[in-house]
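Trainee: I have a structure I would like to understand better, so I am pasting it below and will then ask my questions one at a time.
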Amino acid sequence: MTILKSLLAMLLPLLVFLPMEDLSAQGKILLADARPRPPEIVADDRTGLITGPIVVILNEAAASLGYQVQWRIAPFPRTLEDMKNGITDLVPGVFKSDERAMFMEFLGPIGVESHPVLFLTRAGQEQQIKAYDDLKKMKIGVKRGTLYFPQFDLDKTMHRVGAHDDHNMVKMLIAGRFDVMIVNDKEAALAALTPAENARVAWSEYQASRSLARYYGMSKFSRHKLLAPALSNSLRDMVKRGRVAEIYRDFGLSFKNYQ
């Protein structure tokens with residue numbers, strides 16, 4: 001009996017301690033949303049698998065602080081709403097804006113992105129856009145919640161037609177729902193086109209340009225919001241050490257658009 005009591009005395013603290021450890025581990029899960037942005041973010045709706053350098057960078061930064069990232073595929077407008085409610089903790093690849101700053105902390109940045117903003121039209125209409133002011137005569141397809149370049153983003157005279165993603169946008173363009181589709185990411189737009197659709201569209205000669213710092217966004221209403229400064233420092237340290245560029249190379253990609 002004495003031996004049994006001794007064993008119980010030893011086991012009881014363990015029985016209490018193990019569930020507490022499990023709860024502690026569950027508390028170190030960060031919920032992040034991603035939408036397909038190949039080749040940097042590749043998301044498979046069928047399997048739910050999300051890969052790419054942008055994903056790996058955040059996973060490593062979180063792991064350095066003892067956290068794990070749980071990823072979900074979601075359209076960007078839904079992500080923004082869920083961040084306002086603290087449902088989603090993090091979102092990769094965002095640019096600063098006053099509107100987003102009301103509910104989002106900006107972590108990083110991992111670099112400054114500089115490349116052209118393109119305009120896709122139906123085949124045969126590409127010559128209609130030779131300058132910025134030509135856009136004022138058109139209906140312009142945009143992705144909801146996306147920033148393009150300052151002149152356009154602040155221009156209230158433009159006739160915008162919103163869409164959730166590139167796949168919807170190209171179909172709306174071909175169907176005549178708008179005249180031109182504004183494109184930040186040419187690779188993502190091309191991936192959304194079928195061979196038959198590709199023959200029905202064309203790129204305008206006119207291009208705009210942007211140069212914006214690129215961040216990870218963290219909800220100000222996240223239960224992990226106090227982690228934001230440490231996570232931001234971890235991301236900047238990865239840039240300084242060359243780890244971000246190395247991760248891009250691991251995926252066969254160049255980090256040349258960042259400085």
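The chains in the structure tokens are called A, B, ... from first to last as shown; in each chain the residues are counted from 1, and the ligands are counted from 1 in the order shown.
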When DSSP is applied to the backbone of this structure, which of segment 72-206 of chain A are assigned strand (DSSP E or B)? Write them out as an MDAnalysis selection string.
Mentor: chainID A and resid 72:73 90:94 104:122 139:143 159:163 180:183 201:203
Trainee: List the neighbours of Gly242 of chain A out to 12 Å using only C-alpha atoms; skip same-chain residues closer than 5 positions along the sequence, and give me the result as a PyMOL selection string.
Mentor: chain A and resi 57+110-111+235-237+247-249+255+258-259
Trainee: Give me the residues within 8 Å of His167 of chain A as a VMD selection string, counting only C-alpha atoms and dropping any in the same chain fewer than 5 places off.
Mentor: chain A and resid 189 192 to 193
Trainee: Write out, as an mmCIF file, in the first residue's frame, the residues just selected, with all heavy atoms.
Mentor:
data_model
loop_
_atom_site.group_PDB
_atom_site.id
_atom_site.type_symbol
_atom_site.label_atom_id
_atom_site.label_comp_id
_atom_site.auth_asym_id
_atom_site.auth_seq_id
_atom_site.Cartn_x
_atom_site.Cartn_y
_atom_site.Cartn_z
ATOM 1 N N ALA A 189 -1.229 36.236 -63.466
ATOM 2 C CA ALA A 189 -2.268 36.448 -64.478
ATOM 3 C C ALA A 189 -2.164 35.430 -65.598
ATOM 4 O O ALA A 189 -3.175 34.881 -66.064
ATOM 5 C CB ALA A 189 -2.163 37.871 -65.032
ATOM 6 N N ALA A 192 -3.545 32.107 -64.733
ATOM 7 C CA ALA A 192 -5.011 32.055 -64.674
ATOM 8 C C ALA A 192 -5.645 31.879 -66.048
ATOM 9 O O ALA A 192 -6.830 31.567 -66.148
ATOM 10 C CB ALA A 192 -5.544 33.334 -64.021
ATOM 11 N N LEU A 193 -4.859 32.065 -67.112
ATOM 12 C CA LEU A 193 -5.391 31.977 -68.479
ATOM 13 C C LEU A 193 -5.248 30.566 -69.049
ATOM 14 O O LEU A 193 -4.189 29.956 -68.954
ATOM 15 C CB LEU A 193 -4.639 32.944 -69.396
ATOM 16 C CG LEU A 193 -4.895 34.440 -69.206
ATOM 17 C CD1 LEU A 193 -3.789 35.253 -69.857
ATOM 18 C CD2 LEU A 193 -6.253 34.825 -69.793
#
Trainee: Applying 10 Å and only C-alpha atoms, which residues near Ala228 of chain A remain after dropping the ones on its own chain fewer than 2 positions away? List them as a PyMOL selection string.
Mentor: chain A and resi 90+105-108+217-220+222+224-226+230-234
Trainee: Find the residues near Gln151 of chain A: any atom within 10 Å, counting only C-alpha atoms, skip ones fewer than 5 places away on the same chain, and give them as a ChimeraX atom specification.
Mentor: /A:132,156,208,210
Trainee: Could those selected residues go to a file with C-alpha atoms, as a PDB file, in the first residue's frame?
Mentor:
ATOM      1  CA  TYR A 132      -2.520  57.037 -68.049  1.00  0.00           C
ATOM      2  CA  LYS A 156     -11.243  58.650 -57.396  1.00  0.00           C
ATOM      3  CA  ALA A 208       3.038  52.039 -64.917  1.00  0.00           C
ATOM      4  CA  ARG A 210       5.648  50.867 -58.448  1.00  0.00           C
TER       5      ARG A 210
END
Trainee: Using atom CA of Asp98 of chain A and atom CA of Asn168 of chain A as the two end points, give the distance in Å to one decimal.
Mentor: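 Result for atom CA of Asp98 of chain A versus atom CA of Asn168 of chain A: 27.4 Å, one decimal.
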Trainee: Please compute the atom CA of Glu205 of chain A-atom CA of Val42 of chain A distance, one decimal, in Å.
Mentor: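 It comes out at 28.7 Å.
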Trainee: From the list A:Arg46, A:Val170, A:Pro75, A:Ser209, which residue is nearest Ala191 of chain A when using only C-alpha atoms?
Mentor: A:Val170
Trainee: For Val117 of chain A, which residue out of A:Ala175, A:Val183, A:Ile140, A:Val55 is the nearest one, using only C-alpha atoms?
Mentor: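 Between A:Ala175, A:Val183, A:Ile140, A:Val55, the residue approaching Val117 of chain A most closely is A:Val183.
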Trainee: Identify, on the basis of only C-alpha atoms, every residue whose closest approach to Leu118 of chain A does not exceed 10 Å; exclude the query and any residue fewer than 4 positions from it along the same chain; express the result as an NGL selection string.
Mentor: :A and (148 or 180-186 or 203-209)
Trainee: Using Å and a single decimal, report how far atom CA of Glu81 of chain A sits from atom CA of Glu187 of chain A.
Mentor: 26.6 Å
Trainee: Can you tell me, as a list of chain:residue names, which residues in segment 37-128 of chain A count as helix (DSSP H, G or I) by DSSP?
Mentor: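 Checking each residue of segment 37-128 of chain A, the helix (DSSP H, G or I) ones are A:Pro53, A:Ile54, A:Val55, A:Val56, A:Ile57, A:Leu58, A:Asn59, A:Glu60, A:Ala61, A:Ala62, A:Ala63, A:Phe76, A:Pro77, A:Arg78, A:Thr79, A:Leu80, A:Glu81, A:Asp82, A:Met83, A:Lys84, A:Asp98, A:Glu99, A:Arg100, A:Ala101, A:Glu126, A:Gln127, A:Gln128.
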